[in-house]
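Heads up, the thing below is written out as structure tokens.
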Amino acid sequence: MKKVFLSCTLLFTGLLLTSCTSYFKRQSCESINWYEHGRQVALRGQWLNADQTLQECRKVEANVNESQVDLGFKSGMGEYCTPQKAYQIGKAGDAFHRDICEGPSITSILNKYTQGINDYCSKANAFAAGASGKKYQNVCSVKQEKDFLPGYRKGRKKFVESQITDKENQRQQLNFTIVTKQADLNNAYGELNNLQNRRSFLEMQRSNALAAQNPTQAGYIEGQINSLTTDISLKQSDVNSKKSDLESVRKQQDQLGADISAFRAELPSLDEN
């Protein structure tokens, strides 16, 4: 019987959590500007059925304005499928998704994209491309890479080394922040403990007053207990807030450590010719 009850409790809790998650997801979905979202999907060179946000919102049965999504997508596609945009994408070193473009101008569009790629993959642009921090997307031809990659790696190495230095400095600063926040949290815990001890003492005094049949004294102590209970609640909230702040800073520090490790692991590959 206990196992059945536990199973039912877990099932109910799971359903409740799923329901809450769906509710908040719907709320988030229904605040989206669907015209602009559809436009941005097209400007990334994606089809709508490949967009994760749209699929998730449909899954939780959010109120998605499908007509606005479609209008925005068509607008974005009109911007994406132009020679000027194709050149910009190529010059940025990104892939161009020609499958969402159609019509007689596709040849002109692809020619401009190739021009942009050639400018990106030029020896003159290599160092700047690497130093920008953007990773190489393997868009250059094998022939272009011979001239492009050495300069790109030098620029990328400069970027990576600067990132390691910056993130190590940030991590060091967070060490001081953590020490300060931990001290604040410890003080808050101490104050909370003192308040709880004080209330326990008063509760014992109230019991003694009631045992001595002194309702006036017991009532006076009850008022003090109520006041302390309010103070304890406020102090507990303060502790929770300080604890959350500390955990947030520690997560930031952990993320910085992970970023530094990833950058350090990348450095040897940037010394290749």
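By order in the structure tokens, chains are A, B, ...; within a chain, residues start at 1; ligands start at 1, following the order shown.
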
Exercise for review: Write out as a ChimeraX atom specification all residues of range 71-136 of chain A that backbone DSSP assigns to alpha helix (DSSP H).
Suggested key: /A:71-80,83-91,106-120,123-131

What lies within 9 Å of Thr177 in chain A using only C-alpha atoms, ignoring chain neighbours under 4 positions off, as an mmCIF file with N, CA and C atoms, in the first residue's frame?
```cif
data_model
loop_
_atom_site.group_PDB
_atom_site.id
_atom_site.type_symbol
_atom_site.label_atom_id
_atom_site.label_comp_id
_atom_site.auth_asym_id
_atom_site.auth_seq_id
_atom_site.Cartn_x
_atom_site.Cartn_y
_atom_site.Cartn_z
ATOM 1 N N GLN A 172 39.782 35.840 -10.738
ATOM 2 C CA GLN A 172 40.443 36.311 -9.527
ATOM 3 C C GLN A 172 39.575 37.324 -8.783
ATOM 4 N N GLN A 173 38.940 38.205 -9.533
ATOM 5 C CA GLN A 173 38.052 39.179 -8.908
ATOM 6 C C GLN A 173 36.874 38.485 -8.226
ATOM 7 N N LYS A 181 30.945 37.606 0.013
ATOM 8 C CA LYS A 181 29.573 37.098 0.084
ATOM 9 C C LYS A 181 29.451 35.939 1.068
ATOM 10 N N GLN A 182 30.501 35.123 1.174
ATOM 11 C CA GLN A 182 30.463 34.025 2.142
ATOM 12 C C GLN A 182 30.451 34.572 3.567
ATOM 13 N N LEU A 246 25.500 33.933 -3.710
ATOM 14 C CA LEU A 246 26.789 33.247 -3.623
ATOM 15 C C LEU A 246 26.874 32.102 -4.632
ATOM 16 N N VAL A 249 27.463 33.464 -8.137
ATOM 17 C CA VAL A 249 28.849 33.884 -8.368
ATOM 18 C C VAL A 249 29.747 32.664 -8.556
#
```

Point to revise | Long-range neighbours of Thr114 in chain A as a PyMOL selection string, 9 Å cut-off, only C-alpha atoms, 5 positions minimum in chain | key: chain A and resi 86-87+90-91+109+119

Practice item. Write out as a PyMOL selection string each polymer residue whose atoms come within 9 Å of Ile117 in chain A, counting only C-alpha atoms; drop sequence neighbours fewer than 3 positions from it. Key: chain A and resi 87+89-94+112-114+120-122+139-140

Atoms to include: C-alpha atoms. Write the selected residues as a JSON list (two decimals), in the first residue's frame.
```json
[["chain", "number", "residue", "atom", "x", "y", "z"],
["A", 87, "TYR", "CA", 28.05, 38.95, -50.09],
["A", 89, "ILE", "CA", 27.36, 36.38, -45.34],
["A", 90, "GLY", "CA", 30.36, 35.28, -47.39],
["A", 91, "LYS", "CA", 32.52, 38.18, -46.18],
["A", 92, "ALA", "CA", 31.68, 37.18, -42.58],
["A", 93, "GLY", "CA", 32.90, 33.65, -43.25],
["A", 94, "ASP", "CA", 29.52, 32.00, -42.85],
["A", 112, "LYS", "CA", 28.10, 37.54, -54.82],
["A", 113, "TYR", "CA", 28.39, 34.96, -52.04],
["A", 114, "THR", "CA", 31.49, 33.53, -53.73],
["A", 120, "TYR", "CA", 37.04, 36.56, -46.33],
["A", 121, "CYS", "CA", 39.53, 33.86, -47.32],
["A", 122, "SER", "CA", 42.13, 36.32, -48.59],
["A", 139, "VAL", "CA", 34.30, 27.86, -45.88],
["A", 140, "CYS", "CA", 37.56, 28.39, -47.78]]
```

Using only C-alpha atoms, what table do you get, as CSV, when you list each residue of range 87-184 of chain A with an atom no more than 12 Å from range 57-77 of chain A, its nearest pair of atoms, and their distance in Å rounded to one decimal, rows by chain then rising number?
```
residue,atom,partner,partner_atom,distance
A:His97,CA,A:Met77,CA,10.9
A:Arg98,CA,A:Met77,CA,10.7
A:Asp99,CA,A:Met77,CA,10.9
A:Ile100,CA,A:Met77,CA,7.3
A:Cys101,CA,A:Met77,CA,7.3
A:Glu102,CA,A:Met77,CA,9.8
```

Review point. If you count only C-alpha atoms, which residues fall within 7 Å of range 148-163 of chain A, apart from same-chain ones fewer than 6 positions away, as a PyMOL selection string?
Key: chain A and resi 121-123+126-131+133+263+267+270+273

Practice item. Can you work out which one of A:Ile32, A:Ala188, A:Ala124, A:Cys81 has the shortest atom-to-atom distance to Arg44 in chain A, counting only C-alpha atoms? Key: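 For Arg44 in chain A, the nearest of the candidates is A:Cys81.
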
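The protein and nucleic acid residues lying at most 12 Å from Asn169 in chain A are Ser162, Gln163, Ile164, Thr165, Gln173, Leu174, Asn175, Phe176, Gln253, Leu256, Gly257 and Ile260 of chain A, with only C-alpha atoms considered and sequence neighbours fewer than 4 positions away removed.
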
Write to file, as a compact mmCIF listing (two decimals), in the first residue's frame, the residues of the selection just made, with C-alpha atoms.
```txt
# COMPACT_ATOMS: atom_id res chain seq x y z
CA SER A 162 43.75 37.67 -24.49
CA GLN A 163 40.62 35.76 -23.50
CA ILE A 164 42.58 33.55 -21.11
CA THR A 165 44.14 36.62 -19.49
CA GLN A 173 38.05 39.18 -8.91
CA LEU A 174 35.27 36.68 -8.25
CA ASN A 175 37.45 35.05 -5.58
CA PHE A 176 37.29 38.28 -3.58
CA GLN A 253 33.50 31.29 -11.62
CA LEU A 256 35.05 31.00 -16.41
CA GLY A 257 37.20 28.04 -15.38
CA ILE A 260 39.79 28.99 -19.69
```

Exercise for review: Pick out the residues sitting within 12 Å of Ser233 in chain A, and hand them over as a PyMOL selection string; count only C-alpha atoms, and ignore anything fewer than 5 positions along from it in its own chain.
Suggested key: chain A and resi 191-193+195-196+226-228+238-240

Point to revise | Point-to-point distance in Å for CA of Leu185 in chain A and CA of Ser237 in chain A | key: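 Computed distance, CA of Ser237 in chain A to CA of Leu185 in chain A, equals 11.6 Å.
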
Point to revise | Gap from CA of His37 in chain A to CA of Leu54 in chain A - Å, one decimal | key: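 Computed distance, CA of His37 in chain A to CA of Leu54 in chain A, equals 8.9 Å.
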